[in-house]
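Just protein_19.cif here, mmCIF, C-alpha atoms:
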data_entry
loop_
_atom_site.label_atom_id
_atom_site.label_comp_id
_atom_site.auth_asym_id
_atom_site.auth_seq_id
_atom_site.Cartn_x
_atom_site.Cartn_y
_atom_site.Cartn_z
CA MET A 255 35.92 55.37 16.57
CA ALA A 256 34.86 53.91 13.22
CA THR A 257 32.83 50.73 12.85
CA SER A 258 32.48 49.00 9.46
CA TYR A 259 29.71 46.65 8.51
CA LEU A 260 30.26 44.32 5.53
CA ILE A 261 27.34 42.42 4.05
CA ARG A 262 28.45 39.65 1.76
CA SER A 263 26.94 38.51 -1.56
CA VAL A 264 23.57 36.87 -1.45
CA THR A 265 23.54 35.52 -5.05
CA GLN A 266 22.05 32.21 -4.08
CA SER A 267 19.16 33.94 -2.40
CA CYS A 268 18.69 36.13 -5.44
CA LYS A 269 18.50 33.07 -7.71
CA LEU A 270 15.67 31.76 -5.59
CA GLY A 271 13.88 35.05 -6.09
CA LEU A 272 13.97 35.95 -2.44
CA ARG A 273 13.81 39.57 -1.42
CA PHE A 274 15.17 40.62 1.94
CA ASN A 275 13.16 43.12 3.94
CA PRO A 276 14.20 42.60 7.55
CA THR A 277 12.94 44.63 10.50
CA VAL A 278 14.65 47.97 10.55
CA ASN A 279 16.83 48.69 13.58
CA SER A 280 20.14 50.41 14.26
CA ASN A 281 22.18 47.70 12.56
CA ALA A 282 19.72 46.38 9.86
CA TYR A 283 19.18 47.66 6.35
CA ILE A 284 16.94 46.84 3.31
CA PHE A 285 18.76 45.15 0.47
CA HIS A 286 17.58 44.42 -3.08
CA PRO A 287 18.67 41.37 -5.12
CA SER A 288 20.44 43.65 -7.54
CA THR A 289 22.95 44.56 -4.84
CA SER A 290 25.56 41.93 -4.24
CA ILE A 291 27.96 43.71 -1.84
CA VAL A 292 27.09 46.64 0.36
CA GLN A 293 29.67 48.29 2.66
CA ILE A 294 28.50 51.05 4.94
CA SER A 295 30.79 52.88 7.39
CA PHE A 296 29.66 54.88 10.39
CA SER A 297 31.99 56.90 12.62
CA ARG A 298 31.17 57.04 16.28
CA THR A 299 33.01 59.40 18.60
CA TYR A 300 32.94 58.50 22.28
CA VAL A 301 33.59 61.59 24.41
CA SER A 302 34.23 61.07 28.11
CA PHE A 303 36.54 62.26 30.85
CA VAL A 304 38.92 59.35 30.20
CA ASN A 305 39.36 60.35 26.55
CA LYS A 306 39.73 64.07 27.19
CA VAL A 307 42.48 64.09 29.84
CA THR A 308 45.85 62.36 29.59
CA ALA A 309 47.69 60.72 32.48
CA ASP A 310 50.23 63.57 32.57
CA GLN A 311 47.46 66.12 32.90
CA LEU A 312 45.83 64.13 35.70
CA TRP A 313 49.11 63.86 37.62
CA SER A 314 49.90 67.55 37.11
CA GLY A 315 46.52 68.43 38.56
CA VAL A 316 47.39 66.51 41.72
CA THR A 317 51.08 67.34 42.09
CA SER A 318 51.37 70.93 40.81
CA VAL A 319 51.11 74.12 42.87
CA SER A 320 50.16 77.56 41.63
CA ASN A 321 52.59 80.48 41.81
CA ALA A 322 50.58 82.05 44.63
CA GLY A 323 50.72 78.75 46.51
CA LYS A 324 54.49 78.52 46.10
CA LYS A 325 54.89 81.97 47.64
CA ARG A 326 52.86 80.87 50.65
CA GLY A 327 54.92 77.71 51.12
CA ARG A 328 52.37 75.17 49.94
CA GLY A 329 54.89 73.57 47.58
CA ARG A 330 56.63 71.73 50.43
CA SER A 331 53.82 69.24 50.96
CA VAL A 332 53.23 68.43 47.29
CA LYS A 333 52.67 64.74 46.56
CA LYS A 334 54.96 62.92 44.15
CA ARG A 335 53.93 60.75 41.25
CA LEU A 336 53.44 57.10 42.16
CA ASP A 337 53.67 53.95 40.08
CA LEU A 338 50.18 52.62 40.69
CA ASN A 339 51.02 49.27 39.05
CA ARG A 340 53.94 48.54 41.33
CA GLY A 341 53.47 45.33 43.29
CA GLN A 342 50.58 44.04 41.16
CA ARG A 343 49.96 42.42 37.77
CA LEU A 344 47.52 43.81 35.29
CA GLY A 345 44.45 41.59 34.88
CA VAL A 346 44.94 39.83 38.23
CA GLY A 347 42.70 40.77 41.12
CA LYS A 348 42.87 40.05 44.83
CA SER A 349 41.21 36.65 44.45
CA GLU A 350 43.57 35.80 41.51
CA MET A 351 40.88 33.96 39.56
CA VAL A 352 42.14 32.36 36.32
CA PHE A 353 39.94 32.77 33.25
CA PRO A 354 41.07 30.36 30.47
CA GLY A 355 41.83 32.19 27.26
CA LEU A 356 41.97 35.55 29.07
CA THR A 357 44.37 35.35 31.98
CA GLY A 358 45.70 31.88 31.29
CA PRO A 359 45.91 29.11 28.66
CA ALA A 360 42.59 27.82 27.36
CA MET A 361 43.69 24.20 27.08
CA THR A 362 46.22 21.85 28.57
CA GLY A 363 46.84 19.24 25.93
CA LYS A 364 43.36 18.28 24.69
CA LYS A 365 41.55 19.23 27.88
CA ILE A 366 39.64 22.50 27.97
CA LEU A 367 40.21 24.31 31.23
CA GLU A 368 37.49 25.87 33.35
CA VAL A 369 37.57 28.97 35.52
CA TYR A 370 39.41 28.17 38.72
CA GLN A 371 41.16 29.84 41.68
CA PRO A 372 44.73 28.75 42.38
CA LYS A 373 46.08 28.20 45.87
CA LYS A 374 47.54 31.31 47.47
CA ASP A 375 51.24 31.49 48.17
CA GLU A 376 51.70 33.42 51.41
CA SER A 377 55.36 34.17 50.76
CA ALA A 378 54.59 35.64 47.33
CA GLU A 379 51.75 37.64 48.85
CA ALA A 380 54.07 39.10 51.51
CA ALA A 381 56.67 39.95 48.86
CA SER A 382 54.11 41.79 46.75
CA ALA A 383 52.92 43.71 49.80
CA GLN A 384 56.48 44.88 50.45
CA LYS A 385 56.80 46.07 46.87
CA LYS A 386 53.81 48.37 47.19
CA VAL A 387 54.72 51.97 47.79
CA PRO A 388 53.50 53.10 51.21
CA GLU A 389 51.39 56.23 51.29
CA ARG A 390 53.47 59.25 52.17
CA LYS A 391 52.10 61.07 55.20
CA ARG A 392 53.58 63.95 57.14
CA ARG A 393 54.09 62.64 60.65
CA PHE A 394 54.43 65.12 63.48
CA PRO A 395 55.78 64.14 66.89
CA LYS A 396 53.10 64.25 69.54
CA ILE A 397 53.52 67.17 71.95
CA PRO A 398 52.46 66.64 75.59
CA ALA A 399 49.46 68.68 76.66
CA LEU A 400 51.45 70.77 79.16
CA LEU A 401 54.01 71.75 76.52
CA ARG A 402 51.56 72.86 73.84
CA GLY A 403 50.85 76.49 73.08
CA TYR A 404 47.64 78.47 73.07
CA SER A 405 46.23 76.85 69.93
CA GLY A 406 47.19 73.64 68.14
CA ARG A 407 50.80 73.38 67.02
CA LYS A 408 51.39 77.13 66.73
CA PHE A 409 54.27 78.93 68.42
CA PRO A 410 52.42 81.39 70.75
CA GLY A 411 52.40 80.02 74.28
CA THR A 412 55.21 77.50 73.76
CA SER A 413 58.54 77.42 75.59
CA ILE A 414 61.78 77.91 73.65
CA GLY A 415 64.23 77.42 76.52
CA PRO A 416 66.56 79.82 78.35
CA PRO A 417 68.49 82.59 76.57
CA ASP A 418 71.89 81.83 75.09
CA PRO A 419 74.86 82.36 77.45
CA ILE A 420 76.64 85.72 77.32
CA ASN A 421 80.38 85.14 77.66
CA ASP A 422 80.70 83.15 80.91
CA TYR A 423 77.25 84.00 82.27
CA VAL A 424 74.66 81.23 81.94
CA PHE A 425 70.96 81.96 82.48
CA ASN A 426 70.26 79.20 84.97
CA GLY A 427 66.63 78.92 86.05
CA PHE A 428 65.37 81.07 83.16
CA ASP A 429 62.73 80.12 80.64
CA SER A 430 61.42 81.90 77.55
CA LYS A 431 57.95 81.74 76.01
CA VAL A 432 56.56 83.03 72.74
CA LEU A 433 53.70 85.51 73.05
CA GLU A 434 53.30 86.47 69.39
CA TYR A 435 54.51 84.98 66.11
CA LYS A 436 53.39 86.49 62.81
CA ILE A 437 54.41 87.39 59.26
CA VAL A 438 55.00 91.08 58.49
CA ASN A 439 55.62 92.71 55.11
CA HIS A 440 57.19 95.94 53.93
CA MET A 441 57.66 97.37 50.45
CA THR A 442 61.16 97.87 49.06
CA GLY A 443 62.28 99.76 45.99
CA ASN A 444 64.12 96.93 44.25
CA LEU A 445 62.69 93.73 45.77
CA GLY A 446 59.05 94.74 45.99
CA ARG A 447 57.05 93.34 48.89
CA LYS A 448 59.39 91.61 51.32
CA ALA A 449 58.09 89.30 54.06
CA ARG A 450 59.72 88.66 57.43
CA ILE A 451 58.83 86.91 60.68
CA SER A 452 58.07 89.00 63.78
CA ALA A 453 58.31 87.33 67.21
CA LEU A 454 57.48 88.66 70.69
CA VAL A 455 59.22 86.68 73.44
CA VAL A 456 59.20 87.10 77.23
CA THR A 457 61.86 85.54 79.44
CA GLY A 458 62.09 85.26 83.23
CA ASN A 459 63.32 83.21 86.16
CA GLY A 460 60.03 82.94 88.08
CA ASN A 461 61.45 85.01 90.95
CA GLY A 462 60.65 88.60 89.98
CA LEU A 463 63.16 89.00 87.14
CA ALA A 464 61.73 89.19 83.60
CA GLY A 465 61.99 91.01 80.28
CA PHE A 466 60.44 91.01 76.83
CA ALA A 467 61.53 91.97 73.32
CA VAL A 468 60.28 92.01 69.72
CA ALA A 469 62.59 90.85 66.92
CA LYS A 470 62.25 90.34 63.18
CA ALA A 471 64.19 88.08 60.86
CA ALA A 472 63.89 86.34 57.51
CA THR A 473 63.22 82.96 59.16
CA GLY A 474 61.14 82.04 62.19
CA LYS A 475 63.97 80.25 63.97
CA ALA A 476 66.25 83.27 63.69
CA ALA A 477 63.50 85.64 64.87
CA LEU A 478 62.78 83.55 67.98
CA ARG A 479 66.47 83.27 68.90
CA LYS A 480 67.02 86.99 68.35
CA ALA A 481 63.97 88.00 70.43
CA LYS A 482 64.91 85.61 73.24
CA ASN A 483 68.44 86.99 73.53
CA MET A 484 67.24 90.60 73.30
CA ALA A 485 64.74 89.96 76.12
CA ALA A 486 67.59 88.62 78.28
CA GLN A 487 69.39 91.97 77.89
CA ARG A 488 66.31 93.96 79.00
CA LEU A 489 65.56 92.30 82.31
CA GLN A 490 63.60 94.16 85.00
CA TYR A 491 63.03 93.27 88.64
CA PHE A 492 59.49 93.48 90.03
CA GLU A 493 58.66 93.65 93.73
CA ARG A 494 55.97 91.18 94.83
CA TYR A 495 53.93 91.14 98.00
CA GLN A 496 54.99 88.06 99.98
CA ASN A 497 56.35 86.66 96.69
CA HIS A 498 52.92 85.68 95.38
CA THR A 499 50.90 88.75 94.29
CA VAL A 500 51.00 92.48 93.57
CA PHE A 501 51.10 95.14 96.31
CA HIS A 502 47.84 96.88 95.41
CA ASN A 503 45.10 97.20 92.81
CA PHE A 504 45.92 99.34 89.79
CA ALA A 505 44.78 100.21 86.27
CA VAL A 506 47.15 100.86 83.39
CA THR A 507 46.56 101.90 79.77
CA GLU A 508 48.73 101.39 76.69
CA SER A 509 47.36 102.87 73.47
CA LYS A 510 43.76 101.56 73.36
CA THR A 511 44.30 98.65 75.75
CA THR A 512 43.43 98.95 79.45
CA ILE A 513 44.16 96.40 82.17
CA PHE A 514 42.54 96.41 85.63
CA VAL A 515 44.65 94.36 88.07
CA GLN A 516 43.44 93.28 91.51
CA LYS A 517 45.47 91.89 94.38
CA LYS A 518 44.32 88.45 95.54
CA PRO A 519 45.07 86.21 98.56
CA ALA A 520 47.23 83.11 98.41
CA GLY A 521 45.56 80.17 96.72
CA HIS A 522 43.37 82.24 94.42
CA GLY A 523 45.44 81.60 91.29
CA VAL A 524 45.86 83.74 88.19
CA VAL A 525 42.60 84.63 86.43
CA ALA A 526 43.52 86.80 83.46
CA HIS A 527 44.22 87.04 79.74
CA ARG A 528 46.30 84.09 78.54
CA VAL A 529 49.22 86.39 77.69
CA ILE A 530 49.11 87.87 81.21
CA LYS A 531 49.03 84.34 82.63
CA THR A 532 52.21 83.49 80.74
CA MET A 533 53.95 86.64 81.98
CA CYS A 534 52.87 85.98 85.58
CA GLU A 535 54.30 82.46 85.36
CA LEU A 536 57.71 83.77 84.26
CA ILE A 537 57.70 86.67 86.75
CA GLY A 538 56.60 84.55 89.71
CA ILE A 539 53.13 85.99 90.41
CA LYS A 540 50.84 83.20 91.60
CA ASP A 541 47.64 85.01 92.67
CA LEU A 542 46.08 87.75 90.57
CA TYR A 543 42.91 88.88 88.85
CA ALA A 544 43.19 91.00 85.71
CA LYS A 545 40.45 92.35 83.46
CA THR A 546 41.52 93.46 79.98
CA GLU A 547 39.42 95.99 78.08
CA GLY A 548 39.69 97.71 74.72
CA GLN A 549 41.92 96.17 72.08
CA THR A 550 42.63 92.85 73.77
CA GLY A 551 43.93 91.19 70.59
CA ILE A 552 47.01 93.42 70.20
CA ILE A 553 49.50 91.33 72.16
CA GLN A 554 52.27 93.92 72.20
CA ASN A 555 50.00 96.50 73.87
CA VAL A 556 48.88 93.97 76.50
CA THR A 557 52.51 93.07 77.25
CA LYS A 558 53.69 96.68 77.48
CA ALA A 559 50.74 97.67 79.67
CA PHE A 560 51.27 94.85 82.18
CA PHE A 561 55.02 95.48 82.50
CA LYS A 562 54.32 99.21 82.85
CA GLY A 563 51.79 98.60 85.63
CA LEU A 564 54.17 96.36 87.57
CA MET A 565 56.97 98.92 87.30
CA GLU A 566 54.72 101.71 88.61
CA GLN A 567 53.76 99.74 91.73
CA GLU A 568 54.33 101.36 95.10
CA THR A 569 55.53 99.11 97.90
CA HIS A 570 54.12 99.40 101.40
CA GLN A 571 57.36 100.98 102.62
CA GLN A 572 57.23 103.60 99.86
CA LEU A 573 53.60 104.32 100.76
CA ALA A 574 54.49 104.75 104.44
CA ASP A 575 57.33 107.15 103.59
CA ARG A 576 55.15 109.18 101.21
CA MET A 577 52.13 109.46 103.51
CA GLN A 578 54.16 109.62 106.74
CA LEU A 579 51.81 107.06 108.27
CA ASN A 580 52.00 103.51 109.48
CA VAL A 581 50.64 100.89 107.08
CA VAL A 582 48.63 98.09 108.66
CA GLU A 583 46.75 95.17 107.15
CA TYR A 584 43.35 93.80 108.15
CA ARG A 585 42.77 90.15 107.34
CA PRO A 586 39.44 88.37 107.93
CA GLU A 587 41.15 85.09 108.84
CA MET A 588 43.01 87.00 111.59
CA GLU A 589 39.72 88.47 112.93
CA ASN A 590 40.62 91.84 111.37
CA VAL A 591 43.33 92.49 113.92
CA PRO A 592 45.60 95.26 112.51
CA ILE A 593 48.94 93.79 111.48
CA PRO A 594 51.79 96.33 111.00
CA VAL A 595 53.27 96.10 107.52
CA ALA A 596 55.45 99.23 107.20
CA LYS A 597 56.24 102.43 109.07
CA PRO A 598 57.86 105.72 107.98
CA SER A 599 61.63 105.62 107.80
CA GLN A 600 61.97 109.18 109.18
CA GLY A 601 59.33 108.78 111.88
CA PHE A 602 55.77 110.16 112.05
CA SER A 603 55.68 113.87 111.12
CA ARG A 604 52.34 114.46 109.37
CA PRO A 605 50.72 117.70 110.55
CA ASP A 606 47.42 117.55 108.59
CA PRO A 607 44.75 114.91 109.19
CA VAL A 608 43.94 112.23 106.63
CA LYS A 609 40.66 112.35 104.70
CA GLU A 610 38.98 108.98 104.72
CA GLU A 611 37.47 109.46 101.25
CA ALA A 612 40.84 109.99 99.59
CA PHE A 613 42.52 107.18 101.48
CA ASP A 614 40.68 104.07 100.35
CA PHE A 615 43.55 101.67 99.73
CA ASN A 616 41.60 99.56 97.24
CA ASN A 617 40.98 102.58 94.99
CA LEU A 618 44.10 104.58 95.82
CA TYR A 619 45.99 103.80 92.61
CA TYR A 620 43.29 104.27 89.99
CA LYS A 621 44.08 107.34 87.89
CA ASP A 622 41.85 110.27 86.89
CA GLY A 623 39.38 109.48 89.65
CA ARG A 624 37.98 106.51 87.73
CA ILE A 625 37.38 103.33 89.70
CA PRO A 626 35.93 99.97 88.63
CA LEU A 627 32.18 99.56 88.94
CA LYS A 628 31.30 96.79 91.37
CA LYS A 629 27.69 95.77 91.03
CA TYR A 630 25.81 94.89 94.19
CA VAL A 631 24.78 91.25 94.36
CA ASP A 632 21.75 90.50 96.52
CA PRO A 633 22.74 87.65 98.87
CA ILE A 634 19.23 86.19 98.52
CA PHE A 635 19.98 85.15 94.94
CA ILE A 636 23.41 83.70 95.61
CA SER A 637 23.43 79.94 95.01
CA PHE A 638 25.45 77.86 97.42
#
Kindly present the structure from the file in structure tokens form.
Amino acid sequence: MATSYLIRSVTQSCKLGLRFNPTVNSNAYIFHPSTSIVQISFSRTYVSFVNKVTADQLWSGVTSVSNAGKKRGRGRSVKKRLDLNRGQRLGVGKSEMVFPGLTGPAMTGKKILEVYQPKKDESAEAASAQKKVPERKRRFPKIPALLRGYSGRKFPGTSIGPPDPINDYVFNGFDSKVLEYKIVNHMTGNLGRKARISALVVTGNGNGLAGFAVAKAATGKAALRKAKNMAAQRLQYFERYQNHTVFHNFAVTESKTTIFVQKKPAGHGVVAHRVIKTMCELIGIKDLYAKTEGQTGIIQNVTKAFFKGLMEQETHQQLADRMQLNVVEYRPEMENVPIPVAKPSQGFSRPDPVKEEAFDFNNLYYKDGRIPLKKYVDPIFISF
């Protein structure tokens, strides 16, 4: 930015023999009488953020998305350019003060106006408010607490409804829930790295009938629908003791995931991994304790292990037929009176006696001789 200083002729002062020698500062210079006109130009360059960046560059910094961001889907929520002057007049603030000669006429006739504030027009104010562009916000419908998933607004743990009908058969009473929802990639020869959605869905009627399946598709909606319908074609029926719990304690292993399941009385509830809780809800198991060890974060292994353990259960009737003995139950609330549960179908025909050590029902179904460690708790230190 260039600023020019012009110092006019001082001939009259020179005639009087005056010599100017003013105090030197940034805008003052020493002049001799011999000099009539002096013109000095200085160029000043003001460098600031406002001068460096244009409006287009500022808007592109707010509204643009990188190529990596576009691949990850961040381009959907990009803001659009707004007309910031819409609904307002330049030079007029909220108070609408009038400055004569700046925002209004300086005189009316021969009268010089002073700074004043005009009366507000409510109708004009409302019209200008309507003209303003509302801020664009992504609004999500509020999901009730009982319908939400495991975490936030993510799919795992949410219900996606019953499977689609097959011909004339309708899955009445069924419900499906998502256990796992993730992005998977594989490398192709012509397309390079290709991403798909993988979904693990379990479906059941809450009365012993349930199934699960894993499906992949290009979109999440297609993957969920495909997995739900595949699970409906792989249904399995699980026996439950008195329709509320498992028949016995057991341990089951899938890959590096191990689950220890314990039978519990009515009213105990399900205390287990959140994925196991979801499966118990769809199967119809109401009372259970399950301890998961090893790789607890691999959802597919947890699901396969739990279904495998339920399928390998032995009912009381099957136990009576295998051991050729009567099966009775001792319950503390019944004063430990033996209650017959099952008896051999072919009658009692066991010639050899039963060893008490090998016939502990609580540890009968743990494999390889390994049983859970139960630490002794001194009753003195139990807080009531």
Determine the residue set returned by the PyMOL selection byres ((chain A and resi 512-525) around 6) for the present structure, and present it as a list of chain:residue names.
A:Val500, A:His502, A:Asn503, A:Phe504, A:Ala505, A:Val506, A:Thr507, A:Thr511, A:Ala526, A:Lys540, A:Asp541, A:Leu542, A:Tyr543, A:Ala544, A:Lys545, A:Thr546, A:Glu547
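Reported to one decimal place, the separation of atom CA of A:Asp429 from atom CA of A:Leu536 is 7.2 Å.
Once the PyMOL selection byres ((chain A and resi 438-446) around 12) is applied to this file, the selection holds Glu434, Tyr435, Lys436, Ile437, Arg447, Lys448, Ala449, Arg450, Ile451, Ser452, Ala453, Ala469, Lys470, Ala471, Ala472, Thr473, Gly474 and Ala477 of chain A.
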Residues of the last selection are to be written out with C-alpha atoms, as a PDB file, keeping the file's coordinate frame.
ATOM      1  CA  GLU A 434      53.300  86.470  69.390  1.00  0.00           C
ATOM      2  CA  TYR A 435      54.510  84.980  66.110  1.00  0.00           C
ATOM      3  CA  LYS A 436      53.390  86.490  62.810  1.00  0.00           C
ATOM      4  CA  ILE A 437      54.410  87.390  59.260  1.00  0.00           C
ATOM      5  CA  ARG A 447      57.050  93.340  48.890  1.00  0.00           C
ATOM      6  CA  LYS A 448      59.390  91.610  51.320  1.00  0.00           C
ATOM      7  CA  ALA A 449      58.090  89.300  54.060  1.00  0.00           C
ATOM      8  CA  ARG A 450      59.720  88.660  57.430  1.00  0.00           C
ATOM      9  CA  ILE A 451      58.830  86.910  60.680  1.00  0.00           C
ATOM     10  CA  SER A 452      58.070  89.000  63.780  1.00  0.00           C
ATOM     11  CA  ALA A 453      58.310  87.330  67.210  1.00  0.00           C
ATOM     12  CA  ALA A 469      62.590  90.850  66.920  1.00  0.00           C
ATOM     13  CA  LYS A 470      62.250  90.340  63.180  1.00  0.00           C
ATOM     14  CA  ALA A 471      64.190  88.080  60.860  1.00  0.00           C
ATOM     15  CA  ALA A 472      63.890  86.340  57.510  1.00  0.00           C
ATOM     16  CA  THR A 473      63.220  82.960  59.160  1.00  0.00           C
ATOM     17  CA  GLY A 474      61.140  82.040  62.190  1.00  0.00           C
ATOM     18  CA  ALA A 477      63.500  85.640  64.870  1.00  0.00           C
TER      19      ALA A 477
END
Residue nearest A:Ala574 - candidates A:Gly465, A:Pro598, A:Gly551, A:Pro359, atoms counted: all atoms listed in the file:
A:Pro598
Between A:Met484, A:Ala464, A:Val595, A:Val608, which is the closest to A:Gly538 once you count all atoms listed in the file?
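Once distances to A:Gly538 are computed over all atoms listed in the file, the minimum belongs to A:Ala464.
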Correct to one decimal, the distance atom CA of A:Thr457-atom CA of A:Pro395 is 25.5 Å
Residue nearest A:Val529 - candidates A:Gln554, A:Asn461, A:Gln549, A:Thr308, atoms counted: all atoms listed in the file
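Checking each candidate against A:Val529, we get A:Gln554 as the closest.
Between atom CA of A:Lys621 and atom CA of A:Thr499 lies a distance of 20.8 Å.
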Starting from the shown file, work through the PyMOL selection byres ((chain A and resi 399-403) around 12) and note down what comes out as a tab-separated table (two decimals) with C-alpha atoms, keeping the file's coordinate frame.
chain	number	residue	atom	x	y	z
A	395	PRO	CA	55.78	64.14	66.89
A	396	LYS	CA	53.10	64.25	69.54
A	397	ILE	CA	53.52	67.17	71.95
A	398	PRO	CA	52.46	66.64	75.59
A	404	TYR	CA	47.64	78.47	73.07
A	405	SER	CA	46.23	76.85	69.93
A	406	GLY	CA	47.19	73.64	68.14
A	407	ARG	CA	50.80	73.38	67.02
A	408	LYS	CA	51.39	77.13	66.73
A	409	PHE	CA	54.27	78.93	68.42
A	410	PRO	CA	52.42	81.39	70.75
A	411	GLY	CA	52.40	80.02	74.28
A	412	THR	CA	55.21	77.50	73.76
A	413	SER	CA	58.54	77.42	75.59
A	414	ILE	CA	61.78	77.91	73.65
A	415	GLY	CA	64.23	77.42	76.52
A	431	LYS	CA	57.95	81.74	76.01
A	432	VAL	CA	56.56	83.03	72.74
A	433	LEU	CA	53.70	85.51	73.05
A	434	GLU	CA	53.30	86.47	69.39
A	435	TYR	CA	54.51	84.98	66.11
A	528	ARG	CA	46.30	84.09	78.54
A	529	VAL	CA	49.22	86.39	77.69
A	532	THR	CA	52.21	83.49	80.74
In terms of the shortest atom-to-atom distance over only C-alpha atoms, which of A:Leu454, A:Ile530, A:Val582, A:Val307 is closest to A:Phe560?
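Going through A:Leu454, A:Ile530, A:Val582, A:Val307 one by one, the smallest distance to A:Phe560 is for A:Ile530.
When all atoms listed in the file are used to compute distances to A:Gly460, the closest of the residues A:Asn483, A:Gln371, A:Ser302, A:Asn426 turns out to be A:Asn426.
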What box, with edges along x, y and z, holds each listed atom of stretch 415-428 of chain A when 3 Å is added on every side, and can you state its centre and edge lengths in Å to one decimal, as JSON?
{"center_x": 72.5, "center_y": 81.6, "center_z": 80.6, "size_x": 22.5, "size_y": 14.3, "size_z": 17.0}
